[in-house]
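Enquirer: Got a structure for you, questions after.
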Amino acid sequence: MPDSVEQLPDTLKFEHPLPLPWLLPRLRSALRDTLHLEKPERSPFFRDTDVTLKLRTYYFNNETNKVGAPDTYNEAWALGGSLAYQSGRWRDILSIGAEVFTSQKLYGPLDRDGTLLLRPGQREYTVVGRTYAELQYKEHTAMLYRQYVDLPYVNRQDNRMTPNTFEGYILYHRTSRFRYGFGYIDKIKRRDSSTFISMSEAAGAPSNRKRGLVAAGAAYVPSDDFLIGAINYLVPDVMNIMYAETYYTWVVSKALQLKLSTQLTDQRSVGQDLLGSFDTQVVSSQAALSYKNVIATTGFSATASGAAIQSPFGTYPGYLNLIEKGFNRAGESAWLLGLSYDFTHVGFPGLNWALNYAHGYGARDPSTGKPLPDEAEFDITVDYRIQQGPLRGVWFRLRNAYVDFNHQGGSSNNVRFIVNYELPVL
């Protein structure tokens, strides 16, 4: 979790690992010496090579009880992660990379399928999720073929064993006050899959009507505290998604900061309406106040009655998107209260927790207009990163989400335990 609003939002990624135990850097250095990678005459393409092992184990347990329907259970425990290769730059222009992902079953009853830690049927998988070329020219970067994408609605959704990855071609510029990017994404490998499918099929269109996604966006960042931007995604004959966002961070002092954010999404069917005809919008806002290591958050969202918001290509970017629910059903309004704390300054470095509560009301079935039950969700997340000793850098995460489908709808309880460890191998 972040320790100030400047670091919002929090995501589950392997970025900023802690220094490794003393033995591992020595082994890595010995391996690089054996391969003569540190010799000055060696090309940067080889000398700056990185090979990283990203380990993850994940336990998932969900129980849902709905009035008038049988209880459902989802449970699995998996072990895996990825092995990533990244070359240095050839003539400061070209670098290449690849990443192999795997999820292996430790426990997974067939009658408790559906955790998304494994393929359907609780099956293990291994897949080459990234094979890419990165071209750099001055302030412009082009990413070609299988890659990560980290955009609203089109992103890794890295909350299971392996992330979404995409097959496409993207050009972007991110190093000035005016930032922009555009590209074409043909296919997606979803987080619980070993195969790439077309973007239209991932959205729900018939598999024989393959369509890719065209994206274009820009953002203006006049200062480090202020941003305004928008991006548009078009999948021909399927849907168009327009997303806009703005935020401002008021730094009162080093200890006290306030961040105000607003976002808008417009979704609608286009062309042949392969998903049917729909038109909907959602607007939401958030205020986050941080004082020292405490962050208090409040948010509100309202979704139009035409249809629920869809996010088939990654995590829904709404401020009220919690562990289980996005609070973006047709006609739904929702509010959120959140609190997080970093225990570093009270003698427990590496320990953080966060609480979130959201309540959604007014949702309706878009086809019949019939009211749907209110929904409420209470989440708790506890993170601990070991700061010293032989396991320095290991990250433990425990999450629990309780969803109340109103008194007439039942409830669900979701428990997740994740351990991450990133090891530079070369």
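Here's how to read the names in the structure tokens: chain A, B, ... by the order shown, residue numbers from 1 in each chain, ligand numbers from 1 in the order shown.
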Among segment 78-268 of chain A, which residues does DSSP mark as strand (DSSP E) when it is run on the backbone? Keep the chain and numbering as in the structure and answer as a PyMOL selection string.
Expert: chain A and resi 78-86+94-107+125-137+140-147+165-173+178-189+196-198+213-223+226-235+239-251+256-268
Enquirer: Show me, as a PyMOL selection string, the residues that have an atom within 8 Å of Arg123 of chain A when counting only C-alpha atoms, minus same-chain residues fewer than 4 positions from it.
Expert: chain A and resi 105+118-119
Enquirer: Suppose you want the space between atom CA of Leu117 of chain A and atom CA of Ala76 of chain A; what is it in Å?
Expert: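 Going from atom CA of Leu117 of chain A over to atom CA of Ala76 of chain A covers 7.0 Å.
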Enquirer: Env of Ala244 of chain A: 10 Å cut, atoms = only C-alpha atoms, seq-sep filter 2 positions within chain, self excluded. Answer as a list in words.
Expert: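 Non-adjacent residues within range: Pro152, Gly217, Ala218, Ala219, Ile228, Gly229, Ala230, Ile231, Asn232, Met242, Thr246, Thr262, Gln263, Leu264, Thr265, Asp266 and Val283 of chain A.
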Enquirer: Can you pull out the residues contacting Tyr220 of chain A? Cut-off 6 Å, using only C-alpha atoms, and skip same-chain residues under 5 positions away; I want them as an mmCIF file with N, CA and C atoms, in the first residue's frame.
Expert:
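Saved to selection_7.cif:
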data_model
loop_
_atom_site.group_PDB
_atom_site.id
_atom_site.type_symbol
_atom_site.label_atom_id
_atom_site.label_comp_id
_atom_site.auth_asym_id
_atom_site.auth_seq_id
_atom_site.Cartn_x
_atom_site.Cartn_y
_atom_site.Cartn_z
ATOM 1 N N ARG A 177 5.726 17.140 -20.669
ATOM 2 C CA ARG A 177 4.463 17.553 -20.066
ATOM 3 C C ARG A 177 3.267 17.131 -20.898
ATOM 4 N N PHE A 178 3.482 16.979 -22.200
ATOM 5 C CA PHE A 178 2.413 16.477 -23.072
ATOM 6 C C PHE A 178 2.769 15.053 -23.471
ATOM 7 N N LEU A 227 -2.870 16.458 -13.565
ATOM 8 C CA LEU A 227 -2.941 15.728 -14.836
ATOM 9 C C LEU A 227 -4.361 15.797 -15.356
ATOM 10 N N ILE A 228 -4.475 15.892 -16.676
ATOM 11 C CA ILE A 228 -5.758 15.746 -17.346
ATOM 12 C C ILE A 228 -5.504 14.967 -18.632
#
Enquirer: Let me make sure I understand: among A:Ala296, A:Ser176, A:Glu245, A:Met239, which one has the smallest atom-to-atom distance to Thr280 of chain A if we use only C-alpha atoms?
Expert: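 Ranking A:Ala296, A:Ser176, A:Glu245, A:Met239 by distance to Thr280 of chain A, first place goes to A:Met239.
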Enquirer: With distances taken over only C-alpha atoms, which of A:Ala287, A:Val419, A:Leu274, A:Val127 is nearest to Asn208 of chain A?
Expert: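 Between A:Ala287, A:Val419, A:Leu274, A:Val127, the residue approaching Asn208 of chain A most closely is A:Leu274.
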Enquirer: Excluding Thr52 of chain A and its own-chain neighbours fewer than 2 positions away, which residues fall within 12 Å of it when counting only C-alpha atoms? Please give them as a list in words.
Expert: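 Residues near the query, excluding close chain neighbours: Phe14, Glu15, Pro17, Arg28, Thr49, Asp50, Lys54, Leu55, Gly81, Ser82, Leu83, Ala84, Tyr85, Gln86, Ser87, Gly97, Ala98, Glu99, Val100, Tyr421, Glu422, Leu423, Pro424, Val425 and Leu426 of chain A.
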Enquirer: For the selection just defined, write its residues with C-alpha atoms to a file, as a compact mmCIF listing (two decimals), in the first residue's frame.
Expert:
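Now in selection27.txt:
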# COMPACT_ATOMS: atom_id res chain seq x y z
CA PHE A 14 6.67 -6.87 -8.84
CA GLU A 15 8.24 -3.44 -8.91
CA PRO A 17 11.96 -5.22 -4.69
CA ARG A 28 24.65 -13.40 -9.66
CA THR A 49 21.23 -8.26 -19.95
CA ASP A 50 18.79 -8.99 -17.10
CA LYS A 54 9.49 -13.89 -10.23
CA LEU A 55 8.11 -16.43 -7.78
CA GLY A 81 5.36 -17.08 -11.48
CA SER A 82 7.60 -16.23 -14.40
CA LEU A 83 11.13 -16.10 -15.79
CA ALA A 84 11.84 -12.86 -17.65
CA TYR A 85 14.69 -11.96 -20.02
CA GLN A 86 15.54 -8.39 -21.03
CA SER A 87 18.51 -7.52 -23.24
CA GLY A 97 12.80 -9.51 -24.23
CA ALA A 98 10.68 -12.51 -23.37
CA GLU A 99 8.85 -13.88 -20.34
CA VAL A 100 7.56 -17.38 -19.63
CA TYR A 421 9.58 -13.01 -4.33
CA GLU A 422 11.61 -11.46 -7.14
CA LEU A 423 15.12 -12.79 -7.73
CA PRO A 424 17.57 -11.27 -10.25
CA VAL A 425 19.30 -14.28 -11.78
CA LEU A 426 21.60 -12.59 -14.28
Enquirer: What does the distance between atom CA of Leu106 of chain A and atom CA of Thr162 of chain A come to in Å, to one decimal place?
Expert: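 Atom-to-atom, atom CA of Leu106 of chain A and atom CA of Thr162 of chain A are spaced 15.6 Å apart.
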Enquirer: With distances taken over only C-alpha atoms, which of A:Ala304, A:Ile323, A:Ala203, A:Ala69 is nearest to Ser269 of chain A?
Expert: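 For Ser269 of chain A, the nearest of the given residues is A:Ala203.
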Enquirer: Using only C-alpha atoms, determine which residues lie at most 10 Å from Ala358 of chain A, disregarding the query and same-chain residues fewer than 6 positions distant; provide the list as a PyMOL selection string.
Expert: chain A and resi 298-300+320-322+325-327+334-338+375-379+403
Enquirer: Given the selection you just returned, output its residues as a file containing C-alpha atoms, formatted as a CSV table (one decimal), in the first residue's frame.
Expert:
chain,number,residue,atom,x,y,z
A,298,THR,CA,-13.8,8.6,0.2
A,299,GLY,CA,-15.4,8.1,-3.2
A,300,PHE,CA,-18.7,8.2,-5.1
A,320,LEU,CA,-14.9,2.1,-6.3
A,321,ASN,CA,-13.5,-1.1,-7.8
A,322,LEU,CA,-12.8,-3.3,-4.8
A,325,LYS,CA,-17.2,-5.8,-6.9
A,326,GLY,CA,-16.9,-2.8,-9.2
A,327,PHE,CA,-20.1,-1.1,-8.2
A,334,ALA,CA,-22.2,3.9,-4.8
A,335,TRP,CA,-20.1,5.4,-2.1
A,336,LEU,CA,-16.8,4.3,-0.5
A,337,LEU,CA,-14.8,4.9,2.7
A,338,GLY,CA,-11.2,3.7,3.0
A,375,GLU,CA,-24.7,-4.6,-2.5
A,376,ALA,CA,-22.1,-3.8,0.1
A,377,GLU,CA,-18.5,-4.9,0.3
A,378,PHE,CA,-16.0,-4.8,3.2
A,379,ASP,CA,-12.3,-5.5,2.4
A,403,VAL,CA,-19.9,-9.0,0.1
Enquirer: Please, which residues of segment 119-342 of chain A, numbered as in this document, come out alpha helix (DSSP H) from DSSP, as a list in words?
Expert: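 Of segment 119-342 of chain A, the ones in alpha helix (DSSP H) are Met199, Ser200, Glu201, Ala202 and Ala203 of chain A.
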Enquirer: Show which residues sit within 8 Å of Glu332 of chain A, as a ChimeraX atom specification. Count only C-alpha atoms, and ignore same-chain residues fewer than 3 positions away.
Expert: /A:302-305,327-329,360-364
Enquirer: Hey, can you spit out that residue selection with N, CA and C atoms as a PDB file, in the first residue's frame?
Expert:
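Done, and the output landed in again.pdb:
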ATOM      1  N   ALA A 302     -21.573   6.943 -10.105  1.00  0.00           N
ATOM      2  CA  ALA A 302     -22.942   6.787 -10.603  1.00  0.00           C
ATOM      3  C   ALA A 302     -22.871   6.245 -12.027  1.00  0.00           C
ATOM      4  N   THR A 303     -23.609   5.157 -12.278  1.00  0.00           N
ATOM      5  CA  THR A 303     -23.620   4.502 -13.580  1.00  0.00           C
ATOM      6  C   THR A 303     -24.971   4.714 -14.243  1.00  0.00           C
ATOM      7  N   ALA A 304     -24.962   5.002 -15.537  1.00  0.00           N
ATOM      8  CA  ALA A 304     -26.202   5.204 -16.269  1.00  0.00           C
ATOM      9  C   ALA A 304     -27.010   3.910 -16.330  1.00  0.00           C
ATOM     10  N   SER A 305     -28.310   4.033 -16.612  1.00  0.00           N
ATOM     11  CA  SER A 305     -29.212   2.883 -16.563  1.00  0.00           C
ATOM     12  C   SER A 305     -29.201   2.045 -17.838  1.00  0.00           C
ATOM     13  N   PHE A 327     -19.057  -2.074  -8.471  1.00  0.00           N
ATOM     14  CA  PHE A 327     -20.142  -1.134  -8.194  1.00  0.00           C
ATOM     15  C   PHE A 327     -20.449  -0.290  -9.433  1.00  0.00           C
ATOM     16  N   ASN A 328     -20.603  -0.976 -10.562  1.00  0.00           N
ATOM     17  CA  ASN A 328     -20.878  -0.305 -11.838  1.00  0.00           C
ATOM     18  C   ASN A 328     -22.001  -1.006 -12.601  1.00  0.00           C
ATOM     19  N   ARG A 329     -22.997  -1.551 -11.853  1.00  0.00           N
ATOM     20  CA  ARG A 329     -24.174  -2.132 -12.503  1.00  0.00           C
ATOM     21  C   ARG A 329     -25.032  -1.024 -13.096  1.00  0.00           C
ATOM     22  N   GLY A 360     -23.450  -0.020  -2.725  1.00  0.00           N
ATOM     23  CA  GLY A 360     -24.088   0.330  -3.984  1.00  0.00           C
ATOM     24  C   GLY A 360     -25.589   0.162  -3.917  1.00  0.00           C
ATOM     25  N   TYR A 361     -26.323   1.086  -4.512  1.00  0.00           N
ATOM     26  CA  TYR A 361     -27.785   1.069  -4.439  1.00  0.00           C
ATOM     27  C   TYR A 361     -28.376   1.602  -5.743  1.00  0.00           C
ATOM     28  N   GLY A 362     -29.640   1.248  -5.993  1.00  0.00           N
ATOM     29  CA  GLY A 362     -30.359   1.778  -7.161  1.00  0.00           C
ATOM     30  C   GLY A 362     -30.126   1.026  -8.452  1.00  0.00           C
ATOM     31  N   ALA A 363     -29.411  -0.095  -8.414  1.00  0.00           N
ATOM     32  CA  ALA A 363     -29.146  -0.842  -9.652  1.00  0.00           C
ATOM     33  C   ALA A 363     -30.421  -1.465 -10.198  1.00  0.00           C
ATOM     34  N   ARG A 364     -30.479  -1.563 -11.520  1.00  0.00           N
ATOM     35  CA  ARG A 364     -31.651  -2.147 -12.179  1.00  0.00           C
ATOM     36  C   ARG A 364     -31.202  -3.072 -13.311  1.00  0.00           C
TER      37      ARG A 364
END
Enquirer: To one decimal place, how far is atom CA of Asp33 of chain A from atom CA of Arg392 of chain A in Å?
Expert: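 Separation of atom CA of Asp33 of chain A and atom CA of Arg392 of chain A: 24.5 Å.
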